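Asker: Okay, so here is protein_39.cif, and as you'll see once you scroll down, it has mmCIF, C-alpha atoms.
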data_protein
#
loop_
_atom_site.label_atom_id
_atom_site.label_comp_id
_atom_site.auth_asym_id
_atom_site.auth_seq_id
_atom_site.Cartn_x
_atom_site.Cartn_y
_atom_site.Cartn_z
CA MET A 6 -60.79 16.06 -29.47
CA LYS A 7 -64.09 17.83 -29.71
CA ARG A 8 -64.77 17.27 -26.04
CA GLN A 9 -61.40 18.75 -25.16
CA ILE A 10 -62.12 21.90 -27.10
CA VAL A 11 -65.52 22.26 -25.51
CA LEU A 12 -64.05 21.65 -22.08
CA GLY A 13 -61.35 24.20 -22.75
CA LEU A 14 -63.88 26.78 -23.75
CA ALA A 15 -66.07 26.07 -20.76
CA LEU A 16 -63.16 26.31 -18.34
CA SER A 17 -61.75 29.45 -19.84
CA ALA A 18 -65.18 31.00 -19.60
CA LEU A 19 -65.35 30.02 -15.94
CA ALA A 20 -61.89 31.16 -14.98
CA ALA A 21 -61.93 34.08 -17.37
CA PRO A 22 -58.61 35.53 -16.17
CA ALA A 23 -57.06 37.87 -18.68
CA MET A 24 -58.90 38.84 -21.84
CA GLY A 25 -60.48 35.47 -22.51
CA ALA A 26 -57.23 33.50 -22.41
CA THR A 27 -57.24 29.97 -21.05
CA ALA A 28 -56.13 30.12 -17.42
CA PRO A 29 -52.95 28.20 -16.58
CA SER A 30 -54.85 25.72 -14.42
CA ALA A 31 -57.34 25.11 -17.24
CA VAL A 32 -54.84 24.11 -19.90
CA SER A 33 -55.40 20.54 -21.03
CA PHE A 34 -52.30 18.48 -21.84
CA ALA A 35 -52.51 15.31 -23.89
CA GLU A 36 -49.21 13.44 -23.72
CA GLY A 37 -47.56 16.79 -23.18
CA ALA A 38 -49.22 18.51 -26.13
CA VAL A 39 -51.79 21.30 -26.01
CA ALA A 40 -54.24 21.11 -28.87
CA GLY A 41 -55.79 24.52 -29.20
CA SER A 42 -54.60 28.11 -29.02
CA LEU A 43 -54.50 29.51 -25.48
CA THR A 44 -55.95 32.79 -26.70
CA GLY A 45 -57.73 32.29 -30.00
CA THR A 46 -55.45 34.96 -31.45
CA ALA A 47 -52.80 33.72 -33.86
CA GLY A 48 -49.26 33.95 -32.53
CA ASN A 49 -46.97 36.67 -33.91
CA PRO A 50 -43.51 35.25 -34.68
CA GLU A 51 -41.84 38.66 -34.46
CA GLU A 52 -43.16 39.17 -30.95
CA GLY A 53 -42.11 35.61 -30.18
CA MET A 54 -38.57 36.45 -31.23
CA LYS A 55 -38.48 39.25 -28.65
CA VAL A 56 -39.80 37.01 -25.90
CA ILE A 57 -37.20 34.37 -26.75
CA SER A 58 -34.22 36.71 -26.74
CA ASP A 59 -35.16 39.22 -24.01
CA ARG A 60 -33.61 38.53 -20.60
CA GLY A 61 -36.63 40.04 -18.89
CA LEU A 62 -39.12 37.85 -20.76
CA GLY A 63 -38.66 34.26 -21.86
CA ASN A 64 -34.87 34.42 -22.23
CA CYS A 65 -35.05 31.04 -23.98
CA VAL A 66 -31.55 31.61 -25.38
CA ALA A 67 -30.21 31.42 -21.83
CA CYS A 68 -30.29 27.66 -22.32
CA HIS A 69 -30.91 27.08 -26.04
CA VAL A 70 -28.97 27.92 -29.19
CA ILE A 71 -30.92 29.44 -32.07
CA SER A 72 -28.64 29.94 -35.07
CA ALA A 73 -31.25 32.12 -36.74
CA MET A 74 -30.52 34.78 -34.08
CA PRO A 75 -26.80 35.39 -34.66
CA ASP A 76 -26.99 38.85 -33.07
CA VAL A 77 -28.11 37.47 -29.72
CA ALA A 78 -24.93 37.03 -27.68
CA PHE A 79 -24.13 34.28 -25.20
CA GLN A 80 -26.63 31.63 -26.15
CA GLY A 81 -26.54 28.85 -23.58
CA ASN A 82 -26.29 25.10 -23.98
CA VAL A 83 -28.12 23.61 -21.02
CA GLY A 84 -30.98 22.60 -23.32
CA PRO A 85 -30.89 21.26 -26.88
CA THR A 86 -30.53 23.60 -29.85
CA LEU A 87 -33.84 24.87 -31.19
CA ASP A 88 -32.63 24.79 -34.79
CA GLY A 89 -35.07 22.67 -36.74
CA ALA A 90 -37.56 22.54 -33.85
CA ALA A 91 -40.47 22.76 -36.29
CA ASP A 92 -39.23 19.65 -38.08
CA ARG A 93 -39.20 17.64 -34.88
CA TRP A 94 -42.33 18.82 -33.13
CA SER A 95 -45.86 19.73 -34.10
CA GLU A 96 -47.47 23.04 -33.18
CA GLN A 97 -49.46 21.29 -30.44
CA GLN A 98 -46.35 19.65 -29.02
CA LEU A 99 -44.40 22.92 -29.09
CA ARG A 100 -47.26 24.70 -27.31
CA GLY A 101 -47.23 22.03 -24.62
CA ILE A 102 -43.45 22.17 -24.19
CA VAL A 103 -43.35 25.97 -23.94
CA ALA A 104 -46.33 26.05 -21.56
CA ASP A 105 -45.08 23.29 -19.26
CA ALA A 106 -42.18 21.19 -20.50
CA LYS A 107 -42.40 18.87 -17.51
CA LYS A 108 -45.53 17.34 -19.08
CA THR A 109 -43.39 16.20 -22.01
CA PHE A 110 -40.00 15.65 -20.37
CA ASP A 111 -40.41 14.29 -16.87
CA GLY A 112 -38.16 16.10 -14.39
CA THR A 113 -36.66 18.48 -16.95
CA ILE A 114 -34.75 21.51 -15.65
CA MET A 115 -36.81 23.71 -17.99
CA PRO A 116 -39.10 26.13 -16.12
CA SER A 117 -42.84 25.89 -16.69
CA PHE A 118 -43.78 29.12 -18.42
CA TYR A 119 -47.54 28.85 -18.20
CA LYS A 120 -48.24 27.74 -14.69
CA ASN A 121 -48.94 29.74 -11.55
CA GLU A 122 -49.19 27.33 -8.64
CA GLY A 123 -47.56 24.32 -7.05
CA TYR A 124 -44.26 26.06 -6.30
CA ILE A 125 -41.98 25.66 -3.28
CA ARG A 126 -41.17 29.05 -1.71
CA PRO A 127 -42.15 31.17 -4.71
CA GLY A 128 -40.66 34.64 -4.64
CA ASP A 129 -41.80 38.08 -5.66
CA ALA A 130 -39.94 38.02 -8.99
CA PHE A 131 -36.19 38.28 -8.28
CA THR A 132 -36.38 40.23 -5.02
CA GLY A 133 -35.81 37.19 -2.80
CA LYS A 134 -38.93 38.13 -0.86
CA ALA A 135 -41.96 35.87 -0.60
CA ALA A 136 -44.57 36.18 -3.31
CA GLU A 137 -47.82 37.71 -2.21
CA GLY A 138 -51.22 37.01 -3.67
CA GLU A 139 -51.85 35.12 -6.85
CA LEU A 140 -48.80 34.57 -9.03
CA ALA A 141 -48.77 35.47 -12.69
CA PRO A 142 -47.34 32.79 -14.98
CA LEU A 143 -43.83 33.53 -16.28
CA LEU A 144 -45.29 34.34 -19.71
CA THR A 145 -48.78 35.41 -20.74
CA ALA A 146 -50.96 33.15 -22.88
CA GLN A 147 -50.35 35.36 -25.89
CA GLN A 148 -46.59 35.32 -25.34
CA ILE A 149 -46.74 31.51 -25.34
CA GLU A 150 -48.60 31.64 -28.66
CA ASP A 151 -46.05 34.14 -30.05
CA VAL A 152 -43.12 31.93 -29.04
CA VAL A 153 -44.77 28.89 -30.62
CA ALA A 154 -45.35 30.89 -33.82
CA TYR A 155 -41.65 31.77 -33.95
CA LEU A 156 -40.52 28.20 -33.19
CA LEU A 157 -42.67 27.01 -36.12
CA THR A 158 -40.41 29.04 -38.42
CA LEU A 159 -37.33 27.06 -37.33
CA LYS A 160 -37.05 24.52 -40.13
CA GLU A 161 -33.85 23.04 -41.45
CA MET B 8 8.17 38.96 -9.35
CA LYS B 9 9.84 36.15 -11.26
CA MET B 10 7.43 33.67 -9.72
CA ARG B 11 4.50 35.78 -10.76
CA ILE B 12 5.65 35.92 -14.38
CA LEU B 13 5.99 32.14 -14.42
CA ALA B 14 2.50 31.64 -13.07
CA GLY B 15 1.15 34.03 -15.68
CA THR B 16 2.93 32.21 -18.47
CA CYS B 17 1.53 28.85 -17.38
CA ALA B 18 -1.99 30.13 -17.31
CA LEU B 19 -1.66 31.76 -20.72
CA ALA B 20 -0.26 28.55 -22.17
CA ALA B 21 -3.15 26.61 -20.71
CA PHE B 22 -5.57 29.08 -22.19
CA ALA B 23 -3.97 28.79 -25.60
CA LEU B 24 -4.18 25.00 -25.40
CA SER B 25 -7.84 25.03 -24.49
CA GLY B 26 -8.29 27.56 -27.30
CA LEU B 27 -11.43 26.96 -29.29
CA SER B 28 -12.74 24.32 -26.94
CA ALA B 29 -13.23 27.07 -24.33
CA VAL B 30 -16.96 26.68 -24.87
CA ALA B 31 -17.72 24.20 -22.15
CA ASP B 32 -15.53 21.93 -20.10
CA PRO B 33 -13.69 22.89 -16.94
CA ALA B 34 -10.26 24.30 -17.76
CA ASP B 35 -7.38 21.84 -17.76
CA ASP B 36 -5.05 23.74 -15.44
CA THR B 37 -3.38 23.47 -12.05
CA LEU B 38 -3.28 26.02 -9.25
CA VAL B 39 -0.17 26.73 -7.22
CA VAL B 40 -0.48 29.80 -5.01
CA ASN B 41 2.59 31.97 -4.43
CA GLY B 42 4.63 29.26 -6.13
CA GLU B 43 4.35 27.10 -3.02
CA ILE B 44 0.81 26.13 -2.00
CA GLN B 45 -0.27 23.19 -4.15
CA MET B 46 -4.03 23.24 -4.51
CA ILE B 47 -6.16 20.16 -5.07
CA THR B 48 -8.74 21.66 -7.42
CA HIS B 49 -9.81 18.40 -9.03
CA THR B 50 -10.22 14.80 -7.89
CA ASP B 51 -11.17 11.70 -9.84
CA LYS B 52 -13.45 10.52 -7.11
CA ALA B 53 -16.03 12.32 -5.01
CA PRO B 54 -16.81 10.90 -1.55
CA ASP B 55 -18.89 7.70 -1.63
CA TYR B 56 -21.82 9.38 0.11
CA ILE B 57 -22.22 11.89 -2.74
CA ASP B 58 -24.35 9.96 -5.21
CA GLY B 59 -24.50 12.53 -7.96
CA LEU B 60 -20.81 13.33 -8.47
CA SER B 61 -18.00 11.23 -9.83
CA GLU B 62 -15.26 13.83 -10.21
CA GLN B 63 -14.90 16.97 -8.11
CA TYR B 64 -13.92 20.32 -9.57
CA SER B 65 -13.24 23.53 -7.73
CA GLY B 66 -15.08 26.51 -9.19
CA TRP B 67 -11.63 27.79 -10.12
CA HIS B 68 -11.67 25.51 -13.21
CA PHE B 69 -14.76 27.22 -14.57
CA ARG B 70 -13.39 30.75 -14.58
CA GLU B 71 -11.50 32.52 -17.33
CA ALA B 72 -7.70 32.39 -17.47
CA ASP B 73 -7.22 35.96 -16.20
CA THR B 74 -9.41 35.24 -13.18
CA ARG B 75 -7.62 31.98 -12.47
CA VAL B 76 -4.20 33.55 -12.54
CA MET B 77 -5.29 36.28 -10.12
CA GLN B 78 -5.67 33.67 -7.43
CA ALA B 79 -2.20 32.28 -7.98
CA ASP B 80 -0.43 35.19 -6.30
CA ASP B 81 -1.43 36.92 -3.08
CA PHE B 82 -0.33 40.27 -4.51
CA ASP B 83 -2.88 39.88 -7.30
CA ASN B 84 -5.67 38.38 -5.22
CA PRO B 85 -7.91 41.26 -4.08
CA GLY B 86 -9.37 38.98 -1.39
CA MET B 87 -6.06 39.20 0.42
CA LEU B 88 -6.83 42.83 1.31
CA GLY B 89 -9.60 41.43 3.51
CA VAL B 90 -7.09 39.04 5.08
CA GLU B 91 -4.79 41.97 5.79
CA ALA B 92 -7.56 43.99 7.38
CA ALA B 93 -8.58 41.03 9.53
CA THR B 94 -4.98 40.51 10.65
CA GLU B 95 -5.06 43.95 12.27
CA VAL B 96 -8.36 43.14 13.94
CA TRP B 97 -6.93 39.81 15.09
CA ASN B 98 -4.30 41.66 17.06
CA ALA B 99 -6.52 44.48 18.34
CA VAL B 100 -8.03 44.36 21.83
CA ASP B 101 -11.81 44.64 21.79
CA GLY B 102 -14.58 44.20 24.38
CA SER B 103 -14.90 44.23 28.15
CA GLU B 104 -12.35 41.48 28.83
CA GLY B 105 -9.44 43.40 27.33
CA LYS B 106 -8.60 40.65 24.88
CA ALA B 107 -7.72 40.33 21.24
CA CYS B 108 -8.02 37.11 19.22
CA ALA B 109 -4.25 36.94 19.55
CA SER B 110 -4.47 36.94 23.36
CA CYS B 111 -5.62 33.31 23.33
CA HIS B 112 -4.78 32.09 19.85
CA GLU B 113 -1.41 33.78 19.25
CA ALA B 114 -0.71 34.04 15.52
CA PRO B 115 -3.48 33.42 12.96
CA GLU B 116 -1.44 30.43 11.75
CA SER B 117 -2.59 28.62 14.89
CA MET B 118 -5.94 28.31 13.09
CA ALA B 119 -4.44 26.12 10.34
CA GLY B 120 -6.81 23.24 9.65
CA VAL B 121 -9.88 24.85 11.22
CA ARG B 122 -11.49 25.76 7.92
CA THR B 123 -11.25 22.19 6.65
CA GLN B 124 -13.76 21.08 9.31
CA MET B 125 -16.28 23.90 9.03
CA PRO B 126 -19.13 23.67 9.73
CA SER B 127 -18.81 21.31 12.69
CA PHE B 128 -21.03 20.20 15.54
CA ASN B 129 -20.41 22.29 18.64
CA GLU B 130 -20.69 19.81 21.52
CA ALA B 131 -20.97 22.47 24.21
CA LYS B 132 -23.79 24.26 22.40
CA GLY B 133 -25.45 21.13 21.07
CA GLU B 134 -25.79 22.45 17.54
CA MET B 135 -24.07 22.76 14.19
CA TYR B 136 -21.71 25.74 14.11
CA THR B 137 -20.26 27.54 11.11
CA MET B 138 -17.05 29.51 11.33
CA GLU B 139 -19.05 32.70 11.73
CA MET B 140 -20.75 31.25 14.80
CA TYR B 141 -17.48 30.18 16.40
CA ILE B 142 -16.06 33.64 15.80
CA ASN B 143 -19.05 35.29 17.42
CA GLU B 144 -18.98 32.83 20.30
CA CYS B 145 -15.42 33.93 20.99
CA ARG B 146 -16.28 37.59 20.69
CA ALA B 147 -19.38 37.50 22.86
CA GLU B 148 -18.36 34.97 25.50
CA ARG B 149 -14.60 35.35 25.84
CA MET B 150 -13.85 38.88 24.70
CA GLY B 151 -17.00 40.56 25.94
CA ALA B 152 -17.20 42.19 22.51
CA GLU B 153 -20.16 42.74 20.24
CA ALA B 154 -21.07 39.95 17.89
CA TRP B 155 -20.60 40.75 14.21
CA ASP B 156 -23.36 40.56 11.64
CA TRP B 157 -23.06 37.51 9.38
CA ASP B 158 -22.28 39.51 6.26
CA SER B 159 -20.43 42.45 7.82
CA SER B 160 -17.02 43.16 6.35
CA ASP B 161 -15.39 42.45 9.74
CA MET B 162 -16.92 38.98 9.76
CA VAL B 163 -16.23 38.11 6.13
CA ASN B 164 -12.66 39.39 6.43
CA MET B 165 -12.08 37.31 9.56
CA THR B 166 -13.35 34.16 7.85
CA ALA B 167 -10.98 34.99 4.98
CA LEU B 168 -8.04 35.25 7.38
CA ILE B 169 -8.88 31.99 9.13
CA SER B 170 -9.44 30.23 5.79
CA SER B 171 -6.22 31.58 4.32
CA VAL B 172 -4.03 29.73 6.82
CA SER B 173 -5.61 26.41 5.76
CA ARG B 174 -5.08 26.94 2.05
CA GLY B 175 -3.99 23.75 0.32
CA MET B 176 -5.35 21.50 3.08
CA PRO B 177 -8.22 19.23 1.97
CA MET B 178 -11.75 19.94 3.14
CA ASN B 179 -12.84 17.31 5.62
CA VAL B 180 -16.17 18.06 7.27
CA ALA B 181 -17.75 15.34 9.40
CA VAL B 182 -21.05 14.04 8.06
CA ASP B 183 -21.82 11.33 10.59
CA GLY B 184 -22.62 11.22 14.31
CA PRO B 185 -24.32 14.41 15.50
CA ALA B 186 -23.78 15.96 12.04
CA GLN B 187 -25.86 13.38 10.23
CA SER B 188 -29.31 14.91 10.73
CA TYR B 189 -28.03 18.30 9.53
CA TRP B 190 -26.41 16.63 6.55
CA GLU B 191 -29.64 14.83 5.62
CA LYS B 192 -31.58 18.07 5.83
CA GLY B 193 -29.01 19.87 3.69
CA LYS B 194 -29.11 17.09 1.14
CA GLU B 195 -32.88 17.30 0.91
CA MET B 196 -32.60 21.04 0.29
CA TYR B 197 -29.96 20.48 -2.38
CA TYR B 198 -32.44 18.48 -4.42
CA THR B 199 -35.50 20.67 -3.73
CA ARG B 200 -36.71 22.70 -6.69
CA TYR B 201 -37.29 26.17 -5.26
CA GLY B 202 -39.02 29.22 -6.63
CA GLN B 203 -41.10 29.96 -9.66
CA LEU B 204 -38.32 28.69 -11.91
CA GLU B 205 -38.35 25.43 -9.91
CA LEU B 206 -34.60 25.02 -9.74
CA ALA B 207 -32.74 22.83 -7.28
CA CYS B 208 -29.02 23.28 -6.65
CA SER B 209 -28.59 19.94 -8.41
CA ASN B 210 -30.27 21.07 -11.63
CA CYS B 211 -27.41 23.45 -12.39
CA HIS B 212 -24.46 22.30 -10.28
CA GLU B 213 -24.77 18.53 -10.54
CA ASP B 214 -26.58 17.90 -13.84
CA ASN B 215 -25.19 20.80 -15.83
CA TYR B 216 -21.79 21.88 -14.58
CA GLY B 217 -19.58 22.81 -17.52
CA ASN B 218 -22.58 24.09 -19.47
CA PHE B 219 -23.56 27.70 -19.95
CA ILE B 220 -26.67 29.59 -18.90
CA ARG B 221 -26.25 32.59 -21.09
CA ALA B 222 -22.72 33.81 -20.21
CA ASP B 223 -22.63 31.96 -16.89
CA HIS B 224 -20.30 28.97 -16.94
CA LEU B 225 -21.93 26.62 -14.46
CA SER B 226 -19.60 25.18 -11.84
CA GLN B 227 -20.20 22.39 -9.36
CA GLY B 228 -21.13 25.02 -6.79
CA GLN B 229 -18.28 23.92 -4.52
CA ILE B 230 -17.66 26.11 -1.47
CA ASN B 231 -14.03 25.23 -0.71
CA GLY B 232 -13.04 28.65 -2.08
CA PHE B 233 -15.11 30.73 0.34
CA PRO B 234 -15.11 33.44 1.25
CA VAL B 235 -14.89 34.31 -2.42
CA TYR B 236 -13.76 37.64 -3.85
CA ARG B 237 -16.35 38.22 -6.57
CA LEU B 238 -15.06 40.54 -9.26
CA LYS B 239 -18.57 41.65 -10.18
CA ASP B 240 -19.27 42.75 -6.60
CA ALA B 241 -15.69 43.91 -5.96
CA LYS B 242 -15.82 42.39 -2.48
CA LEU B 243 -15.63 39.21 -0.48
CA SER B 244 -18.79 37.17 -0.22
CA SER B 245 -19.81 34.66 2.46
CA ILE B 246 -21.16 31.20 1.71
CA HIS B 247 -24.63 32.07 2.95
CA ASN B 248 -24.73 35.26 0.94
CA ARG B 249 -24.03 33.22 -2.17
CA PHE B 250 -26.68 30.64 -1.29
CA LYS B 251 -29.15 33.45 -0.76
CA GLY B 252 -28.35 34.88 -4.18
CA CYS B 253 -28.76 31.51 -5.86
CA ILE B 254 -32.19 30.92 -4.33
CA ARG B 255 -33.24 34.46 -5.23
CA ASP B 256 -32.30 33.65 -8.82
CA THR B 257 -34.82 30.80 -8.85
CA ARG B 258 -37.48 33.49 -8.36
CA GLY B 259 -37.75 32.04 -4.91
CA GLU B 260 -38.11 33.31 -1.36
CA THR B 261 -34.60 33.16 0.06
CA PHE B 262 -33.41 32.00 3.47
CA LYS B 263 -31.58 34.36 5.79
CA PRO B 264 -27.83 34.09 6.30
CA GLY B 265 -27.34 32.21 9.56
CA SER B 266 -30.71 30.46 9.30
CA PRO B 267 -30.90 26.77 10.30
CA GLU B 268 -31.67 25.94 6.66
CA LEU B 269 -28.55 27.55 5.25
CA ILE B 270 -26.38 26.08 8.01
CA ALA B 271 -27.61 22.59 7.05
CA LEU B 272 -27.12 23.34 3.36
CA GLU B 273 -23.60 24.61 4.06
CA LEU B 274 -22.68 21.35 5.77
CA TYR B 275 -24.03 19.25 2.91
CA VAL B 276 -22.42 21.33 0.17
CA ALA B 277 -19.13 21.43 2.08
CA SER B 278 -19.19 17.63 2.21
CA ARG B 279 -19.55 17.49 -1.57
CA GLY B 280 -16.14 19.17 -1.65
CA ASN B 281 -14.42 16.97 0.95
CA GLY B 282 -11.03 16.28 -0.58
CA LEU B 283 -10.68 19.59 -2.45
CA SER B 284 -8.24 22.12 -1.00
CA VAL B 285 -9.33 25.08 1.04
CA GLU B 286 -8.85 28.05 -1.31
CA GLY B 287 -10.41 30.92 0.61
CA PRO B 288 -10.14 33.71 -0.20
CA SER B 289 -10.52 32.64 -3.81
CA VAL B 290 -11.24 34.84 -6.84
CA ARG B 291 -14.30 34.31 -9.01
CA ASN B 292 -16.36 36.46 -11.35
#
Please lay out the structure from this file as structure tokens.
Answerer:
Amino acid sequence: MKRQIVLGLALSALAAPAMGATAPSAVSFAEGAVAGSLTGTAGNPEEGMKVISDRGLGNCVACHVISAMPDVAFQGNVGPTLDGAADRWSEQQLRGIVADAKKTFDGTIMPSFYKNEGYIRPGDAFTGKAAEGELAPLLTAQQIEDVVAYLLTLKE
Amino acid sequence: MKMRILAGTCALAAFALSGLSAVADPADDTLVVNGEIQMITHTDKAPDYIDGLSEQYSGWHFREADTRVMQADDFDNPGMLGVEAATEVWNAVDGSEGKACASCHEAPESMAGVRTQMPSFNEAKGEMYTMEMYINECRAERMGAEAWDWDSSDMVNMTALISSVSRGMPMNVAVDGPAQSYWEKGKEMYYTRYGQLELACSNCHEDNYGNFIRADHLSQGQINGFPVYRLKDAKLSSIHNRFKGCIRDTRGETFKPGSPELIALELYVASRGNGLSVEGPSVRN
């Protein structure tokens, strides 16, 4: 565990992308889970709520039901409900699933929100045109932390 | 008028029955157009060569009752305006040879059955041809007229006319012989996870049909209803235009309408619907 933290720090220092956050390629997954914060700044559950419900951000409710957000219309059902997520998963597991769910659920339909390479024909957002230059992950490191902070409030 | 009222009543009754369970499954309903064309919108058995599907459902089953009933009567189906417009073009002389479509093909009804086999391998040209390509071949080589753009209204309307005279007949594209390599390529694309969201056609339309992504009720992505009158666009849409939109929605780089990739994908997706009736022009949201 200690080595992982040290490695994480070393890599994030090397890559040093945005404001000291761990770069997507430097995130270390252990059986799908990510041990430490991606930013070192505690997640803000209220910001996480926005990311989860906003179509232009995470739009998690496109596929998941969250009963604690009754005002958010048209919650989808492609994925499991997130009610009680904090009872089923640890913070580290939730961070891993939000960052790259494919590391936990092999072949899942769920997009990888903290990843920026390895795509087939990546586009420039939703324009249909080819992406140019380095891609940004779908969410920032802090947004991942904010979403995890909100998910940790979902207890039954 | 009486017929139309009956159709409306049936659909409303079906809606009432489905009632609260309207959250997921395909609607339990049957489609009869103009009180006479019986549509096969559901089968218990997909073709053997389609591994991932047991049943087949037309996209019609995944739309709301008011959308479904619109397709049951040509007076209510806004896609039929495109058919009407194309009927005039069918009869109009165009190009250097002084011919109309009707000069060789007589009435549009002579095209009955054509749509069921599209796309098909064009022996003379040595490649897979969609309906759009056959239309342009006629225009350029026999009429001496200008080819139409893939997504021009003239082209989409003409495909609607030619589809409309096959309505009710089961889709039956060939997947073997010279078609096989195209089919394999299309199948590979169907399972390729494109774009930054890494979504393959199969993720939504095979694994999750019947479920919702936000307000979108996911269908099987069948193309037997094309061209489709999309209420949100208020116009007819070609198969390739829809494919392009789907790939764009994966945050991916799309393929161009008429590209070899989309032609192969069209063949494969059409084969997933072999056995479902031609519905074009259908109505969707």
Asker: Can you tell me how far atom CA of Asp76 of chain A sits from atom CA of Gln148 of chain A, in Å to one decimal?
Answerer: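 Interatomic distance here is 21.4 Å.
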Asker: Specify as an mmCIF file with C-alpha atoms, in the frame of the given file all residues of chain A found within 12 Å of chain B, counting only C-alpha atoms.
Answerer:
data_model
loop_
_atom_site.group_PDB
_atom_site.id
_atom_site.type_symbol
_atom_site.label_atom_id
_atom_site.label_comp_id
_atom_site.auth_asym_id
_atom_site.auth_seq_id
_atom_site.Cartn_x
_atom_site.Cartn_y
_atom_site.Cartn_z
ATOM 1 C CA SER A 58 -34.220 36.710 -26.740
ATOM 2 C CA ASP A 59 -35.160 39.220 -24.010
ATOM 3 C CA ARG A 60 -33.610 38.530 -20.600
ATOM 4 C CA GLY A 63 -38.660 34.260 -21.860
ATOM 5 C CA ASN A 64 -34.870 34.420 -22.230
ATOM 6 C CA CYS A 65 -35.050 31.040 -23.980
ATOM 7 C CA VAL A 66 -31.550 31.610 -25.380
ATOM 8 C CA ALA A 67 -30.210 31.420 -21.830
ATOM 9 C CA CYS A 68 -30.290 27.660 -22.320
ATOM 10 C CA HIS A 69 -30.910 27.080 -26.040
ATOM 11 C CA VAL A 70 -28.970 27.920 -29.190
ATOM 12 C CA VAL A 77 -28.110 37.470 -29.720
ATOM 13 C CA ALA A 78 -24.930 37.030 -27.680
ATOM 14 C CA PHE A 79 -24.130 34.280 -25.200
ATOM 15 C CA GLN A 80 -26.630 31.630 -26.150
ATOM 16 C CA GLY A 81 -26.540 28.850 -23.580
ATOM 17 C CA ASN A 82 -26.290 25.100 -23.980
ATOM 18 C CA VAL A 83 -28.120 23.610 -21.020
ATOM 19 C CA GLY A 84 -30.980 22.600 -23.320
ATOM 20 C CA PRO A 85 -30.890 21.260 -26.880
ATOM 21 C CA ASP A 105 -45.080 23.290 -19.260
ATOM 22 C CA LYS A 107 -42.400 18.870 -17.510
ATOM 23 C CA GLY A 112 -38.160 16.100 -14.390
ATOM 24 C CA THR A 113 -36.660 18.480 -16.950
ATOM 25 C CA ILE A 114 -34.750 21.510 -15.650
ATOM 26 C CA MET A 115 -36.810 23.710 -17.990
ATOM 27 C CA PRO A 116 -39.100 26.130 -16.120
ATOM 28 C CA SER A 117 -42.840 25.890 -16.690
ATOM 29 C CA PHE A 118 -43.780 29.120 -18.420
ATOM 30 C CA TYR A 119 -47.540 28.850 -18.200
ATOM 31 C CA LYS A 120 -48.240 27.740 -14.690
ATOM 32 C CA ASN A 121 -48.940 29.740 -11.550
ATOM 33 C CA GLU A 122 -49.190 27.330 -8.640
ATOM 34 C CA GLY A 123 -47.560 24.320 -7.050
ATOM 35 C CA TYR A 124 -44.260 26.060 -6.300
ATOM 36 C CA ILE A 125 -41.980 25.660 -3.280
ATOM 37 C CA ARG A 126 -41.170 29.050 -1.710
ATOM 38 C CA PRO A 127 -42.150 31.170 -4.710
ATOM 39 C CA GLY A 128 -40.660 34.640 -4.640
ATOM 40 C CA ASP A 129 -41.800 38.080 -5.660
ATOM 41 C CA ALA A 130 -39.940 38.020 -8.990
ATOM 42 C CA PHE A 131 -36.190 38.280 -8.280
ATOM 43 C CA THR A 132 -36.380 40.230 -5.020
ATOM 44 C CA GLY A 133 -35.810 37.190 -2.800
ATOM 45 C CA LYS A 134 -38.930 38.130 -0.860
ATOM 46 C CA ALA A 135 -41.960 35.870 -0.600
ATOM 47 C CA ALA A 136 -44.570 36.180 -3.310
ATOM 48 C CA GLU A 137 -47.820 37.710 -2.210
ATOM 49 C CA LEU A 140 -48.800 34.570 -9.030
ATOM 50 C CA ALA A 141 -48.770 35.470 -12.690
ATOM 51 C CA PRO A 142 -47.340 32.790 -14.980
ATOM 52 C CA LEU A 143 -43.830 33.530 -16.280
ATOM 53 C CA LEU A 144 -45.290 34.340 -19.710
#
Asker: Ranking A:Ala91, A:Ala26, A:Val56, A:Ala104 by minimum distance to Val39 of chain A and counting only C-alpha atoms, which one comes first?
Answerer: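 Looking at the shortest contact to Val39 of chain A, the residue is A:Ala104.
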Asker: Using only C-alpha atoms, which of the listed residues (B:Asp158, B:Glu286, B:Asp58, B:Glu213) sits closest to Ile246 of chain B?
Answerer: B:Asp158
Asker: Using only C-alpha atoms, which residue out of A:Leu159, A:Ala35, A:Ile102, A:Met54 lies closest to Thr86 of chain A?
Answerer: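 Nearest to Thr86 of chain A: A:Leu159.
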Asker: Any chance you could resolve the PyMOL selection byres ((chain B and resi 69) around 8) against this file and give the residues as a ChimeraX atom specification?
Answerer: /B:32-34,65-68,70-71,217,224-226
Asker: Save out the residues we just selected, C-alpha atoms, as a PDB file, in the coordinates of the input.
Answerer:
ATOM      1  CA  ASP B  32     -15.530  21.930 -20.100  1.00  0.00           C
ATOM      2  CA  PRO B  33     -13.690  22.890 -16.940  1.00  0.00           C
ATOM      3  CA  ALA B  34     -10.260  24.300 -17.760  1.00  0.00           C
ATOM      4  CA  SER B  65     -13.240  23.530  -7.730  1.00  0.00           C
ATOM      5  CA  GLY B  66     -15.080  26.510  -9.190  1.00  0.00           C
ATOM      6  CA  TRP B  67     -11.630  27.790 -10.120  1.00  0.00           C
ATOM      7  CA  HIS B  68     -11.670  25.510 -13.210  1.00  0.00           C
ATOM      8  CA  ARG B  70     -13.390  30.750 -14.580  1.00  0.00           C
ATOM      9  CA  GLU B  71     -11.500  32.520 -17.330  1.00  0.00           C
ATOM     10  CA  GLY B 217     -19.580  22.810 -17.520  1.00  0.00           C
ATOM     11  CA  HIS B 224     -20.300  28.970 -16.940  1.00  0.00           C
ATOM     12  CA  LEU B 225     -21.930  26.620 -14.460  1.00  0.00           C
ATOM     13  CA  SER B 226     -19.600  25.180 -11.840  1.00  0.00           C
TER      14      SER B 226
END
